[in-house]
$ cat upload-v3.cif   # mmCIF, C-alpha atoms
data_input
loop_
_atom_site.label_atom_id
_atom_site.label_comp_id
_atom_site.auth_asym_id
_atom_site.auth_seq_id
_atom_site.Cartn_x
_atom_site.Cartn_y
_atom_site.Cartn_z
CA MET A 1 0.00 0.00 0.00
CA ILE A 2 1.82 3.09 -1.28
CA VAL A 3 0.37 6.29 0.19
CA SER A 4 0.95 9.90 -0.83
CA ILE A 5 -0.29 12.97 1.04
CA HIS A 6 -0.97 16.44 -0.29
CA GLN A 7 -2.97 19.56 0.41
CA PRO A 8 -6.02 20.25 -1.77
CA THR A 9 -4.90 21.77 -5.09
CA TYR A 10 -7.14 23.44 -7.64
CA TRP A 11 -6.66 21.66 -11.00
CA PRO A 12 -3.33 20.04 -9.96
CA TRP A 13 -0.19 20.34 -12.05
CA LEU A 14 1.62 17.39 -13.62
CA GLY A 15 4.13 17.06 -10.79
CA LEU A 16 1.41 16.39 -8.24
CA LEU A 17 -0.45 14.07 -10.60
CA ASP A 18 2.82 12.18 -11.10
CA LYS A 19 3.19 11.68 -7.33
CA ILE A 20 -0.39 10.48 -6.97
CA ALA A 21 0.02 8.12 -9.93
CA ARG A 22 2.87 6.43 -8.06
CA SER A 23 0.51 5.74 -5.17
CA ASN A 24 -2.30 3.33 -4.36
CA LYS A 25 -3.94 5.89 -2.10
CA VAL A 26 -3.73 9.69 -1.82
CA ILE A 27 -4.73 11.49 1.36
CA ILE A 28 -5.97 15.02 0.72
CA LEU A 29 -5.30 17.29 3.71
CA ASP A 30 -8.65 19.02 3.98
CA HIS A 31 -8.32 19.50 7.76
CA VAL A 32 -5.15 21.64 7.71
CA GLN A 33 -4.80 25.41 7.59
CA VAL A 34 -5.06 27.28 4.31
CA SER A 35 -1.96 29.15 3.15
CA LYS A 36 -2.82 32.53 1.64
CA GLY A 37 -1.56 32.97 -1.92
CA SER A 38 -0.69 29.30 -2.38
CA TYR A 39 -1.67 26.98 -5.21
CA GLN A 40 -4.27 25.36 -2.98
CA TYR A 41 -7.20 27.43 -4.27
CA ARG A 42 -5.66 28.79 -7.48
CA ASN A 43 -3.51 27.61 -10.37
CA VAL A 44 -1.83 28.82 -13.54
CA PHE A 45 -2.96 28.31 -17.12
CA PHE A 46 -1.62 29.15 -20.58
CA CYS A 47 -2.60 32.62 -21.75
CA GLY A 48 -0.88 33.96 -24.83
CA GLY A 49 2.43 32.31 -24.01
CA LYS A 50 2.43 33.36 -20.36
CA LYS A 51 1.20 31.95 -17.06
CA LYS A 52 -2.14 33.33 -15.88
CA PHE A 53 -3.65 32.64 -12.47
CA LEU A 54 -7.25 31.62 -11.91
CA THR A 55 -8.16 32.00 -8.24
CA ILE A 56 -11.22 30.76 -6.39
CA PRO A 57 -12.47 33.75 -4.35
CA ILE A 58 -12.54 32.74 -0.69
CA LYS A 59 -13.23 34.27 2.68
CA HIS A 60 -10.09 33.45 4.61
CA HIS A 61 -9.11 34.30 8.18
CA LEU A 62 -5.75 33.52 9.73
CA GLY A 63 -5.75 29.94 11.00
CA ASP A 64 -8.77 28.80 8.98
CA THR A 65 -8.73 25.23 7.77
CA PHE A 66 -10.05 24.20 4.36
CA LEU A 67 -13.21 23.02 6.05
CA GLU A 68 -13.85 26.50 7.44
CA ILE A 69 -13.34 28.73 4.40
CA THR A 70 -16.29 29.92 2.31
CA PHE A 71 -16.76 31.61 -1.05
CA SER A 72 -16.43 35.39 -1.08
CA ARG A 73 -18.62 35.53 -4.20
CA LEU A 74 -20.68 32.97 -6.07
CA ASP A 75 -20.19 34.02 -9.70
CA TRP A 76 -16.58 32.79 -9.87
CA GLN A 77 -17.44 29.65 -11.83
CA LEU A 78 -18.78 31.56 -14.81
CA ASP A 79 -15.71 33.80 -14.72
CA HIS A 80 -13.31 30.83 -14.67
CA LEU A 81 -15.13 29.03 -17.46
CA THR A 82 -15.13 32.16 -19.60
CA CYS A 83 -11.41 32.70 -18.98
CA LEU A 84 -10.53 29.13 -19.92
CA LYS A 85 -12.59 29.39 -23.10
CA ASN A 86 -10.72 32.58 -24.01
CA TYR A 87 -7.30 31.11 -23.16
CA TYR A 88 -7.78 27.82 -25.02
CA ARG A 89 -10.38 28.38 -27.74
CA LYS A 90 -7.66 27.84 -30.37
CA ALA A 91 -6.22 24.73 -28.70
CA PRO A 92 -6.66 21.64 -30.93
CA HIS A 93 -8.61 19.65 -28.35
CA PHE A 94 -10.64 22.39 -26.72
CA LEU A 95 -13.94 20.91 -27.95
CA GLU A 96 -13.01 17.51 -26.48
CA ILE A 97 -12.32 18.92 -23.01
CA ALA A 98 -14.96 21.67 -22.99
CA PRO A 99 -17.80 19.38 -21.79
CA VAL A 100 -15.67 18.36 -18.80
CA LEU A 101 -15.10 21.99 -17.91
CA GLU A 102 -18.73 22.93 -18.40
CA ARG A 103 -19.96 20.13 -16.12
CA PHE A 104 -17.52 21.18 -13.43
CA TYR A 105 -18.31 24.88 -13.59
CA GLN A 106 -22.05 24.28 -13.69
CA THR A 107 -21.97 22.25 -10.47
CA GLY A 108 -23.23 24.00 -7.36
CA PHE A 109 -20.41 23.38 -4.90
CA PRO A 110 -21.31 24.09 -1.27
CA THR A 111 -17.76 25.00 -0.23
CA PRO A 112 -14.42 25.88 -1.83
CA VAL A 113 -12.81 22.65 -0.63
CA ALA A 114 -15.57 20.64 -2.33
CA ALA A 115 -14.78 22.35 -5.63
CA ILE A 116 -11.03 21.93 -5.19
CA VAL A 117 -11.27 18.23 -4.35
CA ARG A 118 -13.60 17.65 -7.29
CA SER A 119 -11.11 19.33 -9.64
CA MET A 120 -8.48 16.89 -8.34
CA GLU A 121 -10.76 13.89 -8.85
CA ILE A 122 -11.56 14.96 -12.42
CA SER A 123 -7.86 15.37 -13.16
CA LEU A 124 -7.19 11.84 -11.91
CA GLU A 125 -10.00 10.52 -14.12
CA LEU A 126 -8.69 12.35 -17.20
CA PHE A 127 -5.20 10.90 -16.76
CA SER A 128 -6.52 7.45 -15.81
CA ILE A 129 -4.93 7.57 -12.35
CA GLU A 130 -6.65 5.00 -10.14
CA ALA A 131 -5.35 5.95 -6.68
CA GLU A 132 -8.01 5.89 -3.98
CA VAL A 133 -8.83 9.38 -2.67
CA VAL A 134 -9.17 9.76 1.11
CA LEU A 135 -9.90 13.01 2.99
CA SER A 136 -7.71 13.51 6.03
CA SER A 137 -10.69 14.82 8.01
CA SER A 138 -12.10 11.29 7.95
CA LEU A 139 -9.06 9.89 9.78
CA GLY A 140 -9.20 11.94 13.00
CA ILE A 141 -5.54 13.04 13.04
CA SER A 142 -4.59 16.23 14.92
CA SER A 143 -0.76 16.15 14.79
CA HIS A 144 1.42 18.33 12.57
CA ARG A 145 4.20 18.16 9.95
CA GLY A 146 6.30 14.99 10.13
CA GLN A 147 4.29 13.48 12.97
CA MET A 148 1.11 14.03 10.98
CA VAL A 149 2.63 12.18 8.02
CA TYR A 150 3.47 9.26 10.29
CA ASP A 151 0.03 9.20 11.91
CA LEU A 152 -1.75 9.38 8.54
CA CYS A 153 0.40 6.58 7.14
CA VAL A 154 -0.41 4.35 10.09
CA ALA A 155 -4.13 5.23 9.98
CA SER A 156 -4.32 4.46 6.26
CA GLY A 157 -2.43 1.16 6.44
CA ALA A 158 0.58 2.36 4.45
CA SER A 159 3.50 0.06 3.83
CA SER A 160 5.29 2.78 1.83
CA TYR A 161 5.08 6.57 1.75
CA MET A 162 5.64 8.48 -1.50
CA ALA A 163 7.20 11.79 -0.51
CA GLY A 164 7.80 14.98 -2.44
CA ARG A 165 11.29 16.50 -2.46
CA GLY A 166 10.00 19.65 -0.77
CA SER A 167 9.27 17.72 2.42
CA TYR A 168 12.80 16.35 2.86
CA GLY A 169 13.73 18.73 5.69
CA TYR A 170 10.87 18.17 8.10
CA MET A 171 10.61 14.49 7.18
CA GLN A 172 13.97 13.83 8.86
CA GLU A 173 12.40 14.21 12.31
CA VAL A 174 10.00 11.34 11.70
CA MET A 175 12.05 9.12 9.40
CA PRO A 176 13.25 6.78 12.20
CA GLN A 177 9.65 6.39 13.38
CA LEU A 178 8.44 5.48 9.90
CA LEU A 179 11.22 3.02 9.20
CA GLY A 180 10.90 1.55 12.70
CA SER A 181 7.24 0.82 11.96
CA GLY A 182 8.12 -0.92 8.71
CA ILE A 183 6.92 1.95 6.52
CA LYS A 184 9.33 2.54 3.65
CA VAL A 185 9.90 6.02 2.23
CA ALA A 186 10.37 6.71 -1.48
CA TRP A 187 11.16 10.12 -2.92
CA GLN A 188 9.37 11.24 -6.04
CA ASP A 189 11.65 11.64 -9.04
CA PHE A 190 9.76 13.92 -11.42
CA SER A 191 10.94 15.43 -14.67
CA HIS A 192 8.48 17.75 -16.39
CA PRO A 193 7.54 16.45 -19.86
CA VAL A 194 7.69 18.80 -22.82
CA TYR A 195 4.56 18.27 -24.89
CA PRO A 196 3.02 19.90 -27.97
CA GLN A 197 1.67 23.27 -26.92
CA SER A 198 1.01 26.52 -28.79
CA THR A 199 3.21 27.05 -31.86
CA ASP A 200 3.13 30.80 -31.29
CA SER A 201 5.40 30.82 -28.23
CA HIS A 202 7.98 28.86 -26.27
CA PHE A 203 6.90 25.94 -24.09
CA VAL A 204 5.46 26.99 -20.72
CA GLU A 205 5.78 24.36 -17.98
CA GLY A 206 4.32 24.07 -14.49
CA LEU A 207 0.73 24.67 -15.57
CA ALA A 208 -2.38 22.84 -14.44
CA GLY A 209 -2.57 19.35 -15.94
CA LEU A 210 -5.59 20.52 -17.94
CA ASP A 211 -3.18 22.40 -20.21
CA MET A 212 -1.76 19.16 -21.60
CA MET A 213 -5.27 17.83 -22.12
CA LEU A 214 -6.43 20.89 -24.04
CA TRP A 215 -3.44 20.87 -26.38
CA ASN A 216 -3.13 17.09 -26.86
CA GLY A 217 -6.45 15.46 -26.03
CA ILE A 218 -7.18 12.71 -23.53
CA ASP A 219 -5.62 9.71 -25.30
CA GLU A 220 -2.35 11.39 -26.28
CA SER A 221 -2.02 13.16 -22.92
CA ARG A 222 -2.31 9.83 -21.12
CA LYS A 223 0.40 8.37 -23.34
CA ILE A 224 2.74 11.30 -22.68
CA PHE A 225 2.01 11.28 -18.95
CA TRP A 226 2.49 7.55 -18.37
CA ARG A 227 5.53 7.39 -20.64
CA ASN A 228 7.10 10.11 -18.50
CA LEU A 229 6.26 8.34 -15.29
CA LYS A 230 9.11 6.25 -13.90
CA THR A 231 8.26 2.91 -12.39
CA LYS A 232 9.17 3.93 -8.85
CA GLY A 233 10.66 6.74 -6.84
CA GLU A 234 14.10 6.78 -5.31
CA GLY A 235 13.83 4.66 -2.18
CA ILE A 236 15.51 5.30 1.16
#
$ encode --input "upload-v3.cif" --output "structure tokens"
Amino acid sequence: MIVSIHQPTYWPWLGLLDKIARSNKVIILDHVQVSKGSYQYRNVFFCGGKKKFLTIPIKHHLGDTFLEITFSRLDWQLDHLTCLKNYYRKAPHFLEIAPVLERFYQTGFPTPVAAIVRSMEISLELFSIEAEVVLSSSLGISSHRGQMVYDLCVASGASSYMAGRGSYGYMQEVMPQLLGSGIKVAWQDFSHPVYPQSTDSHFVEGLAGLDMMLWNGIDESRKIFWRNLKTKGEGI
């Protein structure tokens, strides 16, 4: 049972999808505090050769968890759908992906975290990633940082934890505990694929995974994604 853990991310980028694809189960941290200005409730898309943010408008107070934030306005979905249509109307596979976008943006989400998690689930479906999605709030864990990783791994029955390189520092404090419990740690080894994008500008990487879909379509995007995926991370 390979487990990965990540905060909710609006239309996740390929690096996060890569980590989840290496896992049997992904735990989405919906019970933790929201970081203002992060990629948790916004992401970047291709707009005329540059990165352009789309941000879910939220009411956010210091210390709020994802479960506590609310929408600051309710017309954001129409705005986001209109922006994506303007950004990608010339993309070769816009008409293939448009129904997916329209269904998402026509859904009445009760909370921001519900919309964010659904965008993650749709992204997994598009790329044919079969990892089970578990919300951390369902596991009753109240610890933090490395200890939280350990507790979530134990609660979810992990035999291996797929870690991102950005967590290397704080993971050192809990590494002996993980290994002592028989939970192996593997570090994600991700290299961003270069895929056919607009011919009018240089390749822009680090965008939401939807970008690949809109330029290449579902079938070809899956081929590129899984070809890029290595069979396993670097184990420790």
$ residues_around --input "upload-v3.cif" --residues "Ser221 (chain A)" --least-positions-apart "6" --cutoff "12 Å" --atoms "only C-alpha atoms" --output "ChimeraX atom specification"
/A:14,93,97,123,126-128,193-197,209-215,227-228
$ atom_distance --input "upload-v3.cif" --atom1 "CA of Ala114 (chain A)" --atom2 "CA of Thr9 (chain A)"
11.1 Å
$ residues_near_point --input "upload-v3.cif" --point "(-7.7, 27.0, -23.8)" --cutoff "10 Å" --atoms "only C-alpha atoms" --output "short mmCIF file (atom, residue, chain, number, x, y, z; two decimals) with C-alpha atoms, in the coordinates of the input"
data_model
loop_
_atom_site.label_atom_id
_atom_site.label_comp_id
_atom_site.auth_asym_id
_atom_site.auth_seq_id
_atom_site.Cartn_x
_atom_site.Cartn_y
_atom_site.Cartn_z
CA PHE A 45 -2.96 28.31 -17.12
CA PHE A 46 -1.62 29.15 -20.58
CA CYS A 47 -2.60 32.62 -21.75
CA GLY A 48 -0.88 33.96 -24.83
CA LEU A 81 -15.13 29.03 -17.46
CA THR A 82 -15.13 32.16 -19.60
CA CYS A 83 -11.41 32.70 -18.98
CA LEU A 84 -10.53 29.13 -19.92
CA LYS A 85 -12.59 29.39 -23.10
CA ASN A 86 -10.72 32.58 -24.01
CA TYR A 87 -7.30 31.11 -23.16
CA TYR A 88 -7.78 27.82 -25.02
CA ARG A 89 -10.38 28.38 -27.74
CA LYS A 90 -7.66 27.84 -30.37
CA ALA A 91 -6.22 24.73 -28.70
CA PRO A 92 -6.66 21.64 -30.93
CA HIS A 93 -8.61 19.65 -28.35
CA PHE A 94 -10.64 22.39 -26.72
CA LEU A 95 -13.94 20.91 -27.95
CA ILE A 97 -12.32 18.92 -23.01
CA ALA A 98 -14.96 21.67 -22.99
CA LEU A 210 -5.59 20.52 -17.94
CA ASP A 211 -3.18 22.40 -20.21
CA MET A 213 -5.27 17.83 -22.12
CA LEU A 214 -6.43 20.89 -24.04
CA TRP A 215 -3.44 20.87 -26.38
#
$ resolve_selection --input "upload-v3.cif" --expression "the PyMOL selection byres ((chain A and resi 63) around 9)" --output "PDB file with C-alpha atoms, in the frame of the given file"
ATOM      1  CA  VAL A  32      -5.150  21.640   7.710  1.00  0.00           C
ATOM      2  CA  GLN A  33      -4.800  25.410   7.590  1.00  0.00           C
ATOM      3  CA  VAL A  34      -5.060  27.280   4.310  1.00  0.00           C
ATOM      4  CA  SER A  35      -1.960  29.150   3.150  1.00  0.00           C
ATOM      5  CA  HIS A  60     -10.090  33.450   4.610  1.00  0.00           C
ATOM      6  CA  HIS A  61      -9.110  34.300   8.180  1.00  0.00           C
ATOM      7  CA  LEU A  62      -5.750  33.520   9.730  1.00  0.00           C
ATOM      8  CA  ASP A  64      -8.770  28.800   8.980  1.00  0.00           C
ATOM      9  CA  THR A  65      -8.730  25.230   7.770  1.00  0.00           C
TER      10      THR A  65
END
$ resolve_selection --input "upload-v3.cif" --expression "the PyMOL selection byres ((chain A and resi 157-169) around 12)" --output "PyMOL selection string"
chain A and resi 1-6+15-27+139+145-146+149-156+170-175+178-190+232-236
$ resolve_selection --input "upload-v3.cif" --expression "the PyMOL selection byres ((chain A and resi 119) around 12)" --output "ChimeraX atom specification"
/A:8-13,17,40-43,56,100-101,103-105,107,109,112-118,120-126,208-210
$ atom_distance --input "upload-v3.cif" --atom1 "CA of Glu130 (chain A)" --atom2 "CA of Pro57 (chain A)"
29.9 Å
$ axis_aligned_box --input "upload-v3.cif" --around "region 186-192 of chain A" --padding-each-side "5 Å" --output "JSON"
{"center_x": 10.1, "center_y": 12.2, "center_z": -8.9, "size_x": 13.2, "size_y": 21.0, "size_z": 24.9}
$ decode --input "upload-v3.cif" --residues "region 170-195 of chain A" --atoms "N, CA and C atoms" --output "compact mmCIF listing (two decimals), in the first residue's frame"
# COMPACT_ATOMS: atom_id res chain seq x y z
N TYR A 170 11.64 18.52 6.91
CA TYR A 170 10.87 18.17 8.10
C TYR A 170 10.62 16.67 8.21
N MET A 171 10.80 15.94 7.11
CA MET A 171 10.61 14.49 7.18
C MET A 171 11.71 13.80 7.99
N GLN A 172 12.87 14.45 8.14
CA GLN A 172 13.97 13.83 8.86
C GLN A 172 13.62 13.54 10.32
N GLU A 173 12.75 14.39 10.90
CA GLU A 173 12.40 14.21 12.31
C GLU A 173 11.57 12.96 12.56
N VAL A 174 10.89 12.49 11.52
CA VAL A 174 10.00 11.34 11.70
C VAL A 174 10.47 10.11 10.93
N MET A 175 11.57 10.24 10.19
CA MET A 175 12.05 9.12 9.40
C MET A 175 12.32 7.87 10.24
N PRO A 176 13.02 8.00 11.39
CA PRO A 176 13.25 6.78 12.20
C PRO A 176 11.95 6.11 12.64
N GLN A 177 10.94 6.93 12.95
CA GLN A 177 9.65 6.39 13.38
C GLN A 177 8.98 5.61 12.26
N LEU A 178 9.03 6.16 11.05
CA LEU A 178 8.44 5.48 9.90
C LEU A 178 9.14 4.16 9.63
N LEU A 179 10.46 4.22 9.53
CA LEU A 179 11.22 3.02 9.20
C LEU A 179 11.11 1.98 10.31
N GLY A 180 11.05 2.47 11.57
CA GLY A 180 10.90 1.55 12.70
C GLY A 180 9.57 0.83 12.71
N SER A 181 8.58 1.43 12.05
CA SER A 181 7.24 0.82 11.96
C SER A 181 7.09 0.01 10.68
N GLY A 182 8.18 -0.13 9.94
CA GLY A 182 8.12 -0.92 8.71
C GLY A 182 7.53 -0.18 7.53
N ILE A 183 7.45 1.15 7.62
CA ILE A 183 6.92 1.95 6.52
C ILE A 183 8.09 2.53 5.72
N LYS A 184 8.24 2.07 4.50
CA LYS A 184 9.33 2.54 3.65
C LYS A 184 9.02 3.95 3.13
N VAL A 185 10.06 4.68 2.79
CA VAL A 185 9.90 6.02 2.23
C VAL A 185 10.56 6.06 0.86
N ALA A 186 9.82 6.53 -0.13
CA ALA A 186 10.37 6.71 -1.48
C ALA A 186 10.21 8.18 -1.85
N TRP A 187 11.19 8.72 -2.53
CA TRP A 187 11.16 10.12 -2.92
C TRP A 187 10.81 10.24 -4.39
N GLN A 188 9.82 11.05 -4.67
CA GLN A 188 9.37 11.24 -6.04
C GLN A 188 10.51 11.78 -6.90
N ASP A 189 10.64 11.21 -8.07
CA ASP A 189 11.65 11.64 -9.04
C ASP A 189 10.92 12.10 -10.29
N PHE A 190 10.60 13.39 -10.34
CA PHE A 190 9.76 13.92 -11.42
C PHE A 190 10.55 14.82 -12.35
N SER A 191 10.38 14.57 -13.63
CA SER A 191 10.94 15.43 -14.67
C SER A 191 9.79 15.89 -15.54
N HIS A 192 9.63 17.21 -15.68
CA HIS A 192 8.48 17.75 -16.39
C HIS A 192 8.56 17.40 -17.88
N PRO A 193 7.52 16.76 -18.43
CA PRO A 193 7.54 16.45 -19.86
C PRO A 193 7.31 17.71 -20.70
N VAL A 194 7.95 17.74 -21.85
CA VAL A 194 7.69 18.80 -22.82
C VAL A 194 6.75 18.21 -23.86
N TYR A 195 5.58 18.81 -24.00
CA TYR A 195 4.56 18.27 -24.89
C TYR A 195 4.13 19.33 -25.90
